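Trainee: This structure is in structure tokens; I'll ask about it shortly.
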Amino acid sequence: MALLYGLLWRLLLLLVHVNTALVSWLRVRLRSWKGRLWERAVAALLLPVALAGFPDQHKKLNHNPDATANPVTGNRGDGRRARWLSDGKALEKLPVHVGLLVAEEEPSYSDIANLVVWCMAVGISYVSVYDNHGIFRKNNSRLLEEILRQQNLLGVDGSKYSIEFLSNGSDKHNVVSCRPTVKVLSPEDGKQSIVQAAQQICRSVENKERSSKDISVSMLDVLLRESKNIPDPDLVLKFGPVNSTLGFLPWHIRLTEFISLPSHRDVSYDNVLDALQRYASCQQRLGQ
């Protein structure tokens with residue numbers, strides 16, 4: 001009899017353990033089901049709101065190109081612009097007018113455009129481009145197009161560094177804004193311009209508009225400067241093996257610093273910065 005009671009007692013304990021385990025399992029499952037049901041209910045409630053708000057967000061992205069822009073490229077462009085501006089401010093003196101004298105047979109429009117954009121980015125106000133054959137003068141629209149393209153590729157802010165493109169005399173082509181100014185020069189702007197100014201003075205004397213006693217170097221100087229509309233070049237970067245100015249503005253370069261570089265092809269920004277640093281460190285005695 002005692003043995004029977006013992007067996008019954010063990011059976012009851014087993015049933016109790018089974019019941020406890022079953023209850024614990026059911027509790028876990030119910031919690032899991034309730035969580036899933038709650039998540040599904042919340043998702044069902046929020047789905048219409050999300051669908052309603054998506055078009056507005058999409059419109060915002062479309063109206064704000066910067067929101068989808070590549071942050072790596074943007075940061076890199078900002079860094080370059082900041083460096084160029086900082087380099088210009090760090091120079092002891094910055095030329096107001098830089099001339100680019102190309103003494104090579106086959107000019108590269110893209111490389112010249114890079115040079116122009118770099119000069120603009122460091123804060124130079126006037127850039128003149130010259131070649132002895134007048135190639136850039138004949139194709140000034142192509143050069144302007146390349147400058148604008150390189151300006152965008154190099155990340156230069158067009159609102160701050162836009163261009164006024166000048167041809168000979170007072171004619172203007174493709175004016176974007178007043179500064180910086182890019183001027184394309186040719187041999188016609190050199191000795192030929194001096195001849196034309198002298199002829200103008202002679203005609204004025206012949207027409208009795210002025211006396212021969214009024215003729216002076218200063219008068220000729222005024223006429224020549226009026227025809228160019230830009231200040232005298234402070235610095236000329238000469239590209240190529242020819243050791244000559246090739247007729248580049250002979251009247252306007254008496255105080256100009258010349259720095260020679262091997263070639264304008266594949267020229268780098270560091271080459272330009274080095275030339276500007278050399279100019280900033282040179283001592284110009286101005287005839288003293």
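Note on naming: chains are A, B, ... as they come in the structure tokens, residues start from 1 per chain, ligands start from 1 in the order shown.
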Please provide as a list in words all residues within 12 Å of Gln150 in chain A, with the sequence filter that same-chain residues fewer than 2 positions apart are discarded (counting only C-alpha atoms).
Mentor: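 These residues fall inside the cut-off: Tyr109, Ser110, Asp111, Ile112, Ala113, Asn114, Leu115, Val116, Val117, Trp118, Met120, Ala121, Leu143, Leu144, Glu145, Glu146, Ile147, Leu148, Asn152, Leu153, Leu154, Gly155, Val156, Asp157 and Gly158 of chain A.
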Trainee: Please dump the current selection as a CSV table (one decimal), in the first residue's frame; keep N, CA, C and O atoms.
Mentor:
chain,number,residue,atom,x,y,z
A,109,TYR,N,43.3,74.3,-75.5
A,109,TYR,CA,42.3,75.1,-75.0
A,109,TYR,C,41.9,74.7,-73.6
A,109,TYR,O,41.7,75.6,-72.7
A,110,SER,N,41.9,73.4,-73.3
A,110,SER,CA,41.6,73.0,-71.9
A,110,SER,C,42.6,73.4,-70.9
A,110,SER,O,42.3,73.8,-69.8
A,111,ASP,N,43.9,73.3,-71.3
A,111,ASP,CA,44.9,73.7,-70.3
A,111,ASP,C,44.9,75.2,-70.1
A,111,ASP,O,45.1,75.7,-69.0
A,112,ILE,N,44.7,76.0,-71.1
A,112,ILE,CA,44.6,77.4,-71.0
A,112,ILE,C,43.4,77.8,-70.1
A,112,ILE,O,43.5,78.7,-69.3
A,113,ALA,N,42.3,77.1,-70.3
A,113,ALA,CA,41.1,77.3,-69.5
A,113,ALA,C,41.4,77.0,-68.1
A,113,ALA,O,40.9,77.7,-67.2
A,114,ASN,N,42.1,75.9,-67.8
A,114,ASN,CA,42.5,75.6,-66.4
A,114,ASN,C,43.3,76.8,-65.8
A,114,ASN,O,43.0,77.2,-64.6
A,115,LEU,N,44.2,77.3,-66.5
A,115,LEU,CA,45.0,78.4,-66.0
A,115,LEU,C,44.2,79.6,-65.7
A,115,LEU,O,44.4,80.3,-64.7
A,116,VAL,N,43.3,79.9,-66.6
A,116,VAL,CA,42.4,81.1,-66.4
A,116,VAL,C,41.5,80.9,-65.1
A,116,VAL,O,41.4,81.8,-64.3
A,117,VAL,N,41.0,79.7,-65.0
A,117,VAL,CA,40.1,79.4,-63.8
A,117,VAL,C,40.9,79.5,-62.5
A,117,VAL,O,40.4,80.0,-61.5
A,118,TRP,N,42.1,78.9,-62.5
A,118,TRP,CA,42.9,79.0,-61.3
A,118,TRP,C,43.2,80.4,-60.9
A,118,TRP,O,43.2,80.8,-59.8
A,120,MET,N,41.5,83.0,-61.6
A,120,MET,CA,40.2,83.6,-61.1
A,120,MET,C,40.0,83.1,-59.6
A,120,MET,O,39.6,83.9,-58.8
A,121,ALA,N,40.3,81.8,-59.4
A,121,ALA,CA,39.9,81.3,-58.1
A,121,ALA,C,40.8,81.8,-56.9
A,121,ALA,O,40.4,81.9,-55.8
A,143,LEU,N,37.3,79.3,-76.8
A,143,LEU,CA,38.1,79.4,-75.5
A,143,LEU,C,37.1,79.7,-74.4
A,143,LEU,O,37.2,79.2,-73.3
A,144,LEU,N,36.2,80.6,-74.6
A,144,LEU,CA,35.2,80.9,-73.5
A,144,LEU,C,34.4,79.7,-73.1
A,144,LEU,O,34.2,79.5,-72.0
A,145,GLU,N,34.0,79.0,-74.1
A,145,GLU,CA,33.2,77.7,-73.8
A,145,GLU,C,34.0,76.8,-73.0
A,145,GLU,O,33.5,76.2,-72.0
A,146,GLU,N,35.3,76.6,-73.3
A,146,GLU,CA,36.1,75.7,-72.5
A,146,GLU,C,36.4,76.3,-71.1
A,146,GLU,O,36.4,75.5,-70.1
A,147,ILE,N,36.5,77.6,-71.0
A,147,ILE,CA,36.7,78.2,-69.6
A,147,ILE,C,35.5,77.9,-68.8
A,147,ILE,O,35.6,77.5,-67.6
A,148,LEU,N,34.3,78.1,-69.3
A,148,LEU,CA,33.1,77.9,-68.6
A,148,LEU,C,32.9,76.4,-68.2
A,148,LEU,O,32.5,76.0,-67.1
A,152,ASN,N,33.1,74.7,-64.3
A,152,ASN,CA,32.2,73.8,-63.6
A,152,ASN,C,32.8,72.5,-63.2
A,152,ASN,O,32.5,72.0,-62.1
A,153,LEU,N,33.7,72.0,-64.0
A,153,LEU,CA,34.4,70.8,-63.6
A,153,LEU,C,35.3,70.9,-62.4
A,153,LEU,O,35.4,70.0,-61.5
A,154,LEU,N,35.9,72.1,-62.3
A,154,LEU,CA,36.8,72.3,-61.1
A,154,LEU,C,36.1,72.8,-59.9
A,154,LEU,O,36.7,73.0,-58.8
A,155,GLY,N,34.8,72.9,-60.0
A,155,GLY,CA,34.0,73.3,-58.8
A,155,GLY,C,34.1,74.7,-58.4
A,155,GLY,O,33.8,75.1,-57.3
A,156,VAL,N,34.5,75.6,-59.3
A,156,VAL,CA,34.5,77.0,-59.0
A,156,VAL,C,33.1,77.6,-59.0
A,156,VAL,O,32.4,77.4,-60.0
A,157,ASP,N,32.8,78.3,-58.0
A,157,ASP,CA,31.4,78.9,-57.9
A,157,ASP,C,31.2,80.0,-58.9
A,157,ASP,O,31.8,81.0,-58.9
A,158,GLY,N,30.3,79.7,-59.9
A,158,GLY,CA,30.1,80.6,-61.0
A,158,GLY,C,29.5,81.9,-60.5
A,158,GLY,O,29.7,83.0,-61.2
Trainee: Would you mind listing what lies within 8 Å of range 250-254 of chain A as a short mmCIF file (atom, residue, chain, number, x, y, z; two decimals) with C-alpha atoms, in the first residue's frame, with only C-alpha atoms counted and same-chain residues fewer than 4 positions away left out?
Mentor:
data_model
loop_
_atom_site.label_atom_id
_atom_site.label_comp_id
_atom_site.auth_asym_id
_atom_site.auth_seq_id
_atom_site.Cartn_x
_atom_site.Cartn_y
_atom_site.Cartn_z
CA GLY A 190 51.12 95.09 -79.80
CA LYS A 191 53.12 97.22 -82.21
CA ILE A 194 51.03 101.82 -81.24
CA ASP A 232 49.08 96.90 -67.27
CA PRO A 233 50.01 93.27 -66.59
CA ASP A 234 51.83 92.76 -63.30
#
Trainee: Quick one: residues within 9 Å of Thr245 in chain A, only C-alpha atoms counted, chain neighbours fewer than 5 positions away excluded, as a list in words?
Mentor: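 Result of the neighbour search: Leu101, Ala103, Lys238 and Pro250 of chain A.
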Trainee: For Asn139 in chain A, work out the shell of residues within 12 Å, counting only C-alpha atoms and skipping chain neighbours fewer than 5 positions away, then give it as a PyMOL selection string.
Mentor: chain A and resi 107-109+129+131+133-134+144-146+167+173+184-186
Trainee: Export, as a PDB file, in the first residue's frame, the selected residues with N, CA and C atoms.
Mentor:
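Heads up, here's the output in out10.pdb:
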ATOM      1  N   PRO A 107      48.255  75.200 -79.430  1.00  0.00           N
ATOM      2  CA  PRO A 107      47.706  75.541 -78.111  1.00  0.00           C
ATOM      3  C   PRO A 107      46.652  74.539 -77.654  1.00  0.00           C
ATOM      4  N   SER A 108      46.598  74.341 -76.347  1.00  0.00           N
ATOM      5  CA  SER A 108      45.600  73.462 -75.747  1.00  0.00           C
ATOM      6  C   SER A 108      44.553  74.330 -75.050  1.00  0.00           C
ATOM      7  N   TYR A 109      43.339  74.290 -75.544  1.00  0.00           N
ATOM      8  CA  TYR A 109      42.281  75.132 -74.983  1.00  0.00           C
ATOM      9  C   TYR A 109      41.945  74.718 -73.551  1.00  0.00           C
ATOM     10  N   VAL A 129      45.107  86.420 -72.508  1.00  0.00           N
ATOM     11  CA  VAL A 129      45.650  85.244 -73.190  1.00  0.00           C
ATOM     12  C   VAL A 129      46.205  85.700 -74.533  1.00  0.00           C
ATOM     13  N   ASP A 131      48.795  84.641 -78.003  1.00  0.00           N
ATOM     14  CA  ASP A 131      49.688  83.798 -78.796  1.00  0.00           C
ATOM     15  C   ASP A 131      50.076  84.561 -80.043  1.00  0.00           C
ATOM     16  N   HIS A 133      50.314  83.849 -83.098  1.00  0.00           N
ATOM     17  CA  HIS A 133      49.610  83.598 -84.353  1.00  0.00           C
ATOM     18  C   HIS A 133      48.139  84.047 -84.293  1.00  0.00           C
ATOM     19  N   GLY A 134      47.707  84.547 -83.159  1.00  0.00           N
ATOM     20  CA  GLY A 134      46.323  85.001 -83.048  1.00  0.00           C
ATOM     21  C   GLY A 134      45.301  83.887 -83.075  1.00  0.00           C
ATOM     22  N   LEU A 144      36.171  80.604 -74.593  1.00  0.00           N
ATOM     23  CA  LEU A 144      35.208  80.945 -73.545  1.00  0.00           C
ATOM     24  C   LEU A 144      34.393  79.726 -73.144  1.00  0.00           C
ATOM     25  N   GLU A 145      33.962  78.955 -74.125  1.00  0.00           N
ATOM     26  CA  GLU A 145      33.193  77.748 -73.835  1.00  0.00           C
ATOM     27  C   GLU A 145      33.998  76.776 -72.976  1.00  0.00           C
ATOM     28  N   GLU A 146      35.284  76.642 -73.285  1.00  0.00           N
ATOM     29  CA  GLU A 146      36.141  75.737 -72.521  1.00  0.00           C
ATOM     30  C   GLU A 146      36.369  76.269 -71.104  1.00  0.00           C
ATOM     31  N   SER A 167      37.102  91.365 -76.404  1.00  0.00           N
ATOM     32  CA  SER A 167      37.949  91.253 -77.583  1.00  0.00           C
ATOM     33  C   SER A 167      38.745  92.526 -77.709  1.00  0.00           C
ATOM     34  N   HIS A 173      32.192  90.407 -76.035  1.00  0.00           N
ATOM     35  CA  HIS A 173      31.551  89.211 -76.515  1.00  0.00           C
ATOM     36  C   HIS A 173      31.239  88.328 -75.317  1.00  0.00           C
ATOM     37  N   VAL A 184      41.448  88.245 -74.743  1.00  0.00           N
ATOM     38  CA  VAL A 184      42.277  87.528 -75.711  1.00  0.00           C
ATOM     39  C   VAL A 184      43.016  88.551 -76.560  1.00  0.00           C
ATOM     40  N   LEU A 185      44.343  88.431 -76.603  1.00  0.00           N
ATOM     41  CA  LEU A 185      45.187  89.374 -77.331  1.00  0.00           C
ATOM     42  C   LEU A 185      45.891  88.673 -78.486  1.00  0.00           C
ATOM     43  N   SER A 186      46.312  89.480 -79.448  1.00  0.00           N
ATOM     44  CA  SER A 186      47.068  88.976 -80.597  1.00  0.00           C
ATOM     45  C   SER A 186      48.104  90.030 -80.968  1.00  0.00           C
TER      46      SER A 186
END
